[in-house]
$ cat target_16.txt   # compact mmCIF, C-alpha atoms
# COMPACT_ATOMS: atom_id res chain seq x y z
CA MET A 187 -19.39 76.74 149.35
CA ALA A 188 -20.58 73.31 150.49
CA THR A 189 -19.34 72.29 153.92
CA GLU A 190 -18.11 68.79 154.59
CA GLN A 191 -21.39 67.93 156.27
CA GLU A 192 -23.44 69.31 153.37
CA LEU A 193 -21.41 67.33 150.86
CA ASN A 194 -21.83 64.22 152.97
CA ASP A 195 -25.58 64.76 153.26
CA PHE A 196 -25.91 65.32 149.53
CA LEU A 197 -24.00 62.18 148.63
CA LYS A 198 -25.97 60.20 151.19
CA SER A 199 -29.20 61.37 149.60
CA VAL A 200 -28.19 60.27 146.10
CA GLU A 201 -25.90 57.28 146.58
CA LYS A 202 -28.52 54.52 146.47
CA ARG A 203 -30.35 55.97 143.48
CA ALA A 204 -27.04 56.51 141.72
CA PHE A 205 -26.08 52.91 142.41
CA LYS A 206 -29.36 51.51 141.11
CA ARG A 207 -29.24 53.72 138.03
CA SER A 208 -25.74 52.49 137.29
CA VAL A 209 -26.90 48.91 137.77
CA TYR A 210 -29.70 49.48 135.25
CA HIS A 211 -27.11 50.70 132.77
CA VAL A 212 -24.23 48.28 133.31
CA ARG A 213 -26.13 45.32 134.84
CA ASP A 214 -23.34 44.52 137.24
CA ASP A 215 -23.29 45.41 140.94
CA GLU A 216 -19.50 45.57 141.25
CA ALA A 217 -19.13 47.78 138.20
CA ALA A 218 -21.97 50.00 139.41
CA LEU A 219 -20.27 50.38 142.80
CA ASP A 220 -17.03 51.38 141.09
CA ILE A 221 -18.84 53.91 138.94
CA VAL A 222 -20.61 55.49 141.91
CA GLN A 223 -17.41 55.56 143.94
CA ASP A 224 -15.50 57.20 141.07
CA SER A 225 -18.27 59.75 140.64
CA MET A 226 -18.29 60.60 144.34
CA MET A 227 -14.51 60.98 144.36
CA LYS A 228 -14.50 63.22 141.32
CA LEU A 229 -17.25 65.40 142.69
CA ALA A 230 -15.51 65.76 146.03
CA GLU A 231 -12.03 66.30 144.61
CA HIS A 232 -12.89 68.74 141.85
CA TYR A 233 -16.11 70.40 142.93
CA GLY A 234 -16.10 70.02 146.73
CA ASP A 235 -15.87 73.79 147.08
CA LYS A 236 -18.93 74.51 144.93
CA PRO A 237 -22.25 75.72 146.39
CA VAL A 238 -24.62 72.96 147.49
CA ALA A 239 -27.19 73.97 144.88
CA GLU A 240 -24.77 73.13 142.07
CA LEU A 241 -23.91 69.66 143.34
CA PRO A 242 -26.90 67.70 141.93
CA MET A 243 -26.29 68.79 138.34
CA LEU A 244 -22.55 68.30 138.62
CA PHE A 245 -23.03 64.85 140.09
CA GLN A 246 -25.43 63.80 137.33
CA ARG A 247 -22.94 64.85 134.68
CA ILE A 248 -20.08 63.10 136.41
CA LEU A 249 -22.13 59.92 136.91
CA SER A 250 -23.12 59.90 133.23
CA ASN A 251 -19.52 60.43 132.15
CA CYS A 252 -18.22 57.70 134.47
CA THR A 253 -20.85 55.29 133.09
CA LEU A 254 -19.82 56.16 129.54
CA ASP A 255 -16.18 55.65 130.45
CA TRP A 256 -17.05 52.22 131.82
CA PHE A 257 -18.75 51.27 128.54
CA ARG A 258 -15.74 52.52 126.58
CA ARG A 259 -13.40 50.43 128.72
CA GLN A 260 -15.67 47.42 128.27
CA LYS A 261 -15.68 47.94 124.53
CA THR A 262 -11.91 48.01 124.47
CA ARG A 263 -11.69 44.93 126.67
CA ASN A 264 -14.29 43.07 124.62
CA ALA A 265 -12.24 43.68 121.53
CA LEU A 266 -9.57 41.50 123.13
CA PHE A 267 -11.49 39.04 125.27
CA SER A 268 -14.96 37.57 125.15
CA ASN A 269 -17.02 38.98 127.97
CA LEU A 270 -18.25 36.02 129.99
CA GLY A 271 -19.99 38.45 132.32
CA ASP A 272 -22.62 39.11 129.66
CA PHE A 273 -23.73 35.50 129.90
CA GLU A 274 -23.63 35.43 133.66
CA SER A 275 -25.35 38.71 134.40
CA GLY A 276 -28.98 38.51 135.24
CA THR A 277 -28.95 35.01 136.68
CA ASP A 278 -30.44 36.35 139.86
CA GLU A 279 -32.70 38.85 138.17
CA GLY A 280 -36.30 38.30 138.99
CA GLU A 281 -35.46 36.17 141.98
CA PHE A 282 -37.03 37.18 145.18
CA ASP A 283 -35.41 36.82 148.57
CA LEU A 284 -38.06 37.15 151.24
CA LEU A 285 -35.57 37.47 154.11
CA GLU A 286 -33.69 40.19 152.24
CA THR A 287 -36.88 42.12 151.71
CA PHE A 288 -37.93 41.86 155.34
CA SER A 289 -34.51 42.97 156.61
CA GLY A 290 -35.02 46.50 155.26
CA ILE A 291 -38.55 47.08 156.41
CA ASP A 292 -39.02 49.69 159.12
CA GLU A 293 -41.52 49.73 161.96
CA SER A 294 -44.30 51.40 160.00
CA GLU A 295 -44.24 48.69 157.39
CA LYS A 296 -44.36 45.72 159.72
CA VAL A 297 -48.12 45.66 159.46
CA GLU A 298 -47.81 44.89 155.76
CA SER A 299 -48.85 41.32 155.05
CA ALA A 300 -46.43 38.82 153.57
CA GLU A 301 -48.56 38.68 150.45
CA ASP A 302 -48.46 42.44 149.99
CA SER A 303 -44.74 42.52 150.57
CA THR A 304 -44.15 39.77 148.04
CA ARG A 305 -46.36 41.50 145.53
CA ARG A 306 -44.56 44.81 146.08
CA ALA A 307 -41.15 43.21 145.57
CA GLN A 308 -42.34 41.46 142.44
CA ILE A 309 -43.64 44.71 140.99
CA PHE A 310 -40.34 46.40 141.82
CA HIS A 311 -38.33 43.69 140.07
CA GLU A 312 -40.64 43.72 137.05
CA ILE A 313 -40.27 47.49 136.78
CA GLU A 314 -36.49 47.18 137.13
CA ASP A 315 -36.40 44.55 134.39
CA GLN A 316 -38.45 46.68 132.04
CA ILE A 317 -36.33 49.74 132.75
CA MET A 318 -33.20 47.77 131.92
CA LEU A 319 -34.77 46.81 128.60
CA LEU A 320 -35.23 50.45 127.58
CA PRO A 321 -32.74 52.00 125.17
CA ALA A 322 -29.98 53.74 127.13
CA ARG A 323 -30.93 57.32 126.27
CA GLN A 324 -34.60 56.73 127.03
CA ARG A 325 -33.70 55.11 130.33
CA GLU A 326 -31.35 57.93 131.26
CA ALA A 327 -33.90 60.62 130.40
CA PHE A 328 -36.71 58.82 132.21
CA LEU A 329 -34.70 58.22 135.40
CA MET A 330 -33.31 61.72 135.56
CA ARG A 331 -36.65 63.30 134.83
CA TYR A 332 -38.79 61.30 137.23
CA TRP A 333 -36.53 59.57 139.72
CA GLU A 334 -33.99 62.35 140.18
CA ASP A 335 -36.86 64.85 139.99
CA MET A 336 -35.04 67.06 137.50
CA ASP A 337 -37.01 69.31 135.16
CA VAL A 338 -36.76 69.07 131.38
CA ALA A 339 -34.14 71.81 131.09
CA GLU A 340 -31.92 70.27 133.78
CA THR A 341 -32.22 66.83 132.23
CA ALA A 342 -31.32 68.25 128.82
CA ALA A 343 -28.29 70.01 130.28
CA ALA A 344 -27.15 66.87 132.10
CA MET A 345 -27.60 64.70 129.01
CA GLY A 346 -26.12 67.25 126.63
CA CYS A 347 -29.13 67.29 124.32
CA SER A 348 -32.12 69.51 123.54
CA GLU A 349 -35.23 69.78 125.69
CA GLY A 350 -37.24 68.40 122.78
CA SER A 351 -35.09 65.28 122.76
CA VAL A 352 -35.64 64.82 126.49
CA LYS A 353 -39.41 65.05 126.04
CA THR A 354 -39.30 62.56 123.19
CA HIS A 355 -37.12 60.12 125.16
CA CYS A 356 -39.36 60.38 128.22
CA SER A 357 -42.53 59.97 126.22
CA ARG A 358 -41.24 56.87 124.46
CA ALA A 359 -39.92 55.42 127.71
CA VAL A 360 -43.29 55.92 129.40
CA GLN A 361 -45.11 54.33 126.48
CA ALA A 362 -42.79 51.32 126.44
CA LEU A 363 -42.94 50.84 130.22
CA SER A 364 -46.67 51.33 130.35
CA ALA A 365 -47.29 48.78 127.59
CA ALA A 366 -44.89 46.22 129.06
CA LEU A 367 -46.29 46.49 132.58
CA ARG A 368 -49.87 46.42 131.37
CA ALA A 369 -49.10 43.24 129.44
CA LYS A 370 -47.95 41.67 132.72
CA GLY A 371 -51.02 42.94 134.55
CA ILE A 372 -49.02 45.37 136.68
CA GLN A 373 -50.19 48.79 137.77
CA PRO A 374 -47.25 50.81 139.11
CA MET B 31 -59.51 76.22 132.85
CA THR B 32 -59.42 73.71 130.00
CA HIS B 33 -56.62 71.32 129.13
CA THR B 34 -55.62 70.45 125.61
CA PRO B 35 -55.33 66.72 124.80
CA LEU B 36 -51.57 67.15 124.53
CA HIS B 37 -51.39 68.74 127.96
CA HIS B 38 -53.59 66.00 129.36
CA ALA B 39 -51.29 63.35 127.88
CA GLU B 40 -48.28 65.05 129.47
CA ILE B 41 -50.00 65.05 132.86
CA LEU B 42 -50.78 61.33 132.53
CA GLN B 43 -47.21 60.66 131.43
CA ASP B 44 -45.79 62.58 134.39
CA ARG B 45 -48.14 60.79 136.77
CA PHE B 46 -47.06 57.41 135.44
CA GLY B 47 -43.40 58.38 135.62
CA LEU B 48 -43.70 59.52 139.21
CA LYS B 49 -45.48 56.30 140.21
CA VAL B 50 -42.71 54.22 138.67
CA ALA B 51 -40.12 56.42 140.39
CA SER B 52 -41.89 55.90 143.69
CA ARG B 53 -41.70 52.11 143.23
CA LEU B 54 -38.01 52.40 142.37
CA SER B 55 -37.34 54.50 145.46
CA GLN B 56 -38.99 51.88 147.66
CA GLY B 57 -36.83 49.17 146.14
CA ALA B 58 -33.62 51.23 146.28
CA ALA B 59 -34.18 51.95 149.97
CA GLU B 60 -33.97 48.22 150.63
CA LEU B 61 -30.50 47.65 149.26
CA PRO B 62 -28.62 44.72 150.85
CA HIS B 63 -26.61 45.69 153.91
CA ASP B 64 -23.20 45.00 152.36
CA LEU B 65 -23.93 47.24 149.38
CA SER B 66 -25.19 50.01 151.64
CA GLU B 67 -22.04 49.72 153.73
CA ARG B 68 -19.78 49.85 150.70
CA LEU B 69 -21.60 52.92 149.44
CA ARG B 70 -21.22 54.51 152.88
CA VAL B 71 -17.48 53.82 152.95
CA ALA B 72 -17.11 55.17 149.40
CA ARG B 73 -18.96 58.30 150.46
CA LEU B 74 -16.77 58.84 153.50
CA GLN B 75 -13.63 58.40 151.40
CA ALA B 76 -14.93 60.92 148.89
CA VAL B 77 -15.79 63.46 151.59
CA ALA B 78 -12.30 63.02 153.05
CA GLN B 79 -10.88 63.94 149.62
CA ARG B 80 -13.04 67.02 149.40
CA LYS B 81 -11.49 69.95 147.61
CA ARG B 82 -11.08 72.86 149.94
CA ALA B 83 -11.17 76.52 148.90
CA PRO B 84 -7.70 78.10 149.08
CA VAL B 85 -7.01 79.67 152.48
CA ARG B 86 -6.81 83.42 152.25
CA GLN B 87 -3.42 84.88 153.12
CA SER B 88 -3.11 87.49 155.78
CA ARG B 89 -4.27 90.82 154.47
CA LEU B 90 -2.18 92.81 156.88
CA ALA B 91 1.05 92.47 155.01
CA GLY B 92 1.76 92.45 151.34
CA SER B 93 2.17 89.01 149.84
CA VAL B 94 4.48 87.57 147.26
CA SER B 95 2.69 85.32 144.80
CA ALA B 96 4.44 83.12 142.30
CA ASP B 97 2.77 81.99 139.09
CA GLY B 98 4.92 79.87 136.88
CA SER B 99 8.06 81.80 136.07
CA SER B 100 6.83 85.16 137.36
CA ALA B 101 6.35 86.51 140.84
CA ALA B 102 4.48 89.54 142.04
CA LEU B 103 4.42 91.55 145.22
CA SER B 104 0.86 92.50 146.02
CA PHE B 105 -1.13 94.09 148.78
CA GLY B 106 -4.16 92.46 150.35
CA ASP B 107 -7.67 92.86 149.00
CA GLU B 108 -8.56 95.74 151.30
CA GLY B 109 -6.49 98.41 149.58
CA TRP B 110 -3.70 100.50 151.05
CA SER B 111 -3.50 101.09 154.77
CA PRO B 112 -0.76 102.55 156.99
CA TRP B 113 -0.02 99.13 158.45
CA SER B 114 0.26 97.42 155.10
CA GLY B 115 2.43 100.32 153.84
CA LEU B 116 4.71 100.02 156.84
CA ALA B 117 4.92 96.26 156.44
CA SER B 118 5.78 96.66 152.76
CA ALA B 119 8.42 99.28 153.54
CA VAL B 120 10.01 96.99 156.12
CA SER B 121 9.96 94.14 153.60
CA MET B 122 11.59 96.34 150.95
CA LEU B 123 14.24 97.57 153.41
CA ALA B 124 15.01 93.98 154.39
CA LEU B 125 15.27 93.09 150.71
CA VAL B 126 17.66 95.98 149.93
CA ALA B 127 19.77 95.26 153.02
CA GLY B 128 19.99 91.64 151.99
CA LEU B 129 21.09 92.56 148.48
CA VAL B 130 23.79 94.95 149.81
CA PHE B 131 25.03 92.27 152.19
CA ILE B 132 25.17 89.67 149.43
CA ASN B 133 26.98 92.14 147.15
CA GLY B 134 29.62 92.76 149.85
CA ILE B 135 30.19 89.06 150.34
CA VAL B 136 30.54 88.45 146.59
CA ASN B 137 33.07 91.34 146.22
CA GLU B 138 35.11 90.08 149.13
CA ASP B 139 35.15 86.55 147.70
CA ARG B 140 36.28 87.86 144.34
CA ALA B 141 39.10 89.95 145.90
CA ASN B 142 40.27 86.95 147.89
CA GLU B 143 40.38 84.81 144.76
CA VAL B 144 42.48 87.42 142.88
CA ALA B 145 44.84 87.79 145.88
CA GLU B 146 45.30 84.04 146.03
CA VAL B 147 46.25 83.90 142.34
CA ASP B 148 48.69 86.80 142.72
CA ALA B 149 50.27 85.25 145.80
CA ALA B 150 50.68 81.95 144.00
CA LEU B 151 52.33 83.68 141.04
CA LEU B 152 54.70 85.72 143.18
CA THR B 153 55.77 82.87 145.40
CA ASP B 154 56.14 80.36 142.59
CA ASP B 155 59.65 79.54 141.25
CA LEU B 156 60.45 81.10 137.89
CA PRO B 157 60.74 78.31 135.35
CA PRO B 158 64.07 78.32 133.32
CA ALA B 159 62.11 78.32 130.13
CA ALA B 160 61.00 81.86 130.97
CA TYR B 161 64.49 83.19 130.17
CA THR B 162 64.21 81.94 126.59
CA ASP B 163 61.08 84.00 126.09
CA ALA B 164 61.86 87.28 124.29
CA GLY B 165 58.93 89.07 125.83
CA PHE B 166 60.05 88.20 129.34
CA ILE B 167 63.62 89.41 128.61
CA GLN B 168 62.19 92.69 127.34
CA TYR B 169 60.04 92.95 130.48
CA LEU B 170 63.12 92.45 132.68
CA LYS B 171 65.03 95.13 130.78
CA VAL B 172 62.24 97.64 131.03
CA SER B 173 61.63 96.94 134.70
CA ARG B 174 65.36 97.18 135.44
CA HIS B 175 65.60 100.45 133.49
CA SER B 176 62.66 101.93 135.29
CA THR B 177 64.09 100.88 138.67
CA ALA B 178 67.45 102.46 137.86
CA SER B 179 65.91 105.72 136.68
CA GLU B 180 64.06 106.03 139.95

$ encode --input "target_16.txt" --output "structure tokens"
Amino acid sequence: MATEQELNDFLKSVEKRAFKRSVYHVRDDEAALDIVQDSMMKLAEHYGDKPVAELPMLFQRILSNCTLDWFRRQKTRNALFSNLGDFESGTDEGEFDLLETFSGIDESEKVESAEDSTRRAQIFHEIEDQIMLLPARQREAFLMRYWEDMDVAETAAAMGCSEGSVKTHCSRAVQALSAALRAKGIQP
Amino acid sequence: MTHTPLHHAEILQDRFGLKVASRLSQGAAELPHDLSERLRVARLQAVAQRKRAPVRQSRLAGSVSADGSSAALSFGDEGWSPWSGLASAVSMLALVAGLVFINGIVNEDRANEVAEVDAALLTDDLPPAAYTDAGFIQYLKVSRHSTASE
């Protein structure tokens, strides 16, 4: 059974990735925060007594379900109102805030030149943009497989599909990302 | 050891994926302070809501568990022991004594109620209409006859 400290450590280790993944899906920081918060609450409330080893898979499933729920709610809302957020989202995408970037840099990175730092941030934003352009299932498979470091079987279980589908999604995502980044002269 | 072209392609694909993931991790680590704080607060709230495993009841004594409309008296998980047997016997004795006590109180209450009704009947004035009732006249005759014969 996971102790309070173990649960806290686990959530701390995944919260930022979970937030960014949600942002890639829903393209809205506030909605992504809500999704991550809901997922954390559900994990803690319903599975807080599970062994630590089971938490990653449970959290991935919960996060996916919460994201799907958000899309369902949006669909229902959009049936009644036009979603102005769709037109507003992405206005700050691709923008680069130098001060913001420097605020998170630790001691070891202070030797990095301003040019390198700018270049690194630009590459990161380009990669983010391209990931957001991927079809949802490809994006989900790619991020789980490589960013969450889950193997094919775990990704398939979390996505509720076959291992073959995961491989296909990942392969297509890699091809699309590789081609798009190469076209922009970016080497990840 | 030789690699098939397919295997080689998978290795390249994995290598590319991991490089992209590494870039994403670098970027995610530099989230704005307010977002990091909100995530931290959300995490702390979630941990505070953590589901806890049910606390085990004392195994020394038997326990009464209720599940919906049924209840069961059960011993602990460690099987029978003299102490648990003694505790169960004491519980059963207390239960039986309680039932006997409750039965006595109920009987006494019922007797009191009947006595109150009888007293009210006996002390109440006989209504004149009673003498027009044939059954009551017959009752008086019989009771008078039986009193005289004694």

$ closest_residue --input "target_16.txt" --among "A:Asp195, A:Glu349, A:Glu190, A:Glu201" --to "Ser55 (chain B)" --atoms "all atoms listed in the file"
A:Glu201

$ interface_residues --input "target_16.txt" --of "chain A" --to "chain B" --cutoff "7 Å" --atoms "all atoms listed in the file" --output "list in words"
Glu190, Leu193, Asn194, Leu197, Glu201, Lys202, Arg203, Lys206, Gln223, Met226, Met227, Ala230, Glu231, His232, Tyr233, Gly234, Asp235, Glu286, Thr287, Gly290, Phe310, Tyr332, Trp333, Val360 and Pro374 of chain A

$ residues_around --input "target_16.txt" --residues "Ala339 (chain A)" --least-positions-apart "6" --cutoff "10 Å" --atoms "only C-alpha atoms" --output "PyMOL selection string"
chain A and resi 331+345+347-350+352-353

$ axis_aligned_box --input "target_16.txt" --around "region 317-320 of chain A" --padding-each-side "6 Å" --output "lines of an AutoDock Vina configuration file"
center_x = -34.8
center_y = 48.6
center_z = 130.2
size_x = 15.1
size_y = 15.6
size_z = 17.2

$ atom_distance --input "target_16.txt" --atom1 "CA of Pro321 (chain A)" --atom2 "CA of His38 (chain B)"
25.5 Å

$ closest_residue --input "target_16.txt" --among "A:Leu254, A:Ala344, A:Leu320, A:Ala188" --to "Pro237 (chain A)" --atoms "all atoms listed in the file"
A:Ala188

$ atom_distance --input "target_16.txt" --atom1 "CA of Arg207 (chain A)" --atom2 "CA of Lys261 (chain A)"
20.0 Å

$ closest_residue --input "target_16.txt" --among "A:Ala239, A:Ala204, A:Leu367, A:Ala300" --to "Ile313 (chain A)" --atoms "all atoms listed in the file"
A:Leu367

$ atom_distance --input "target_16.txt" --atom1 "CA of Met243 (chain A)" --atom2 "CA of Glu326 (chain A)"
13.9 Å
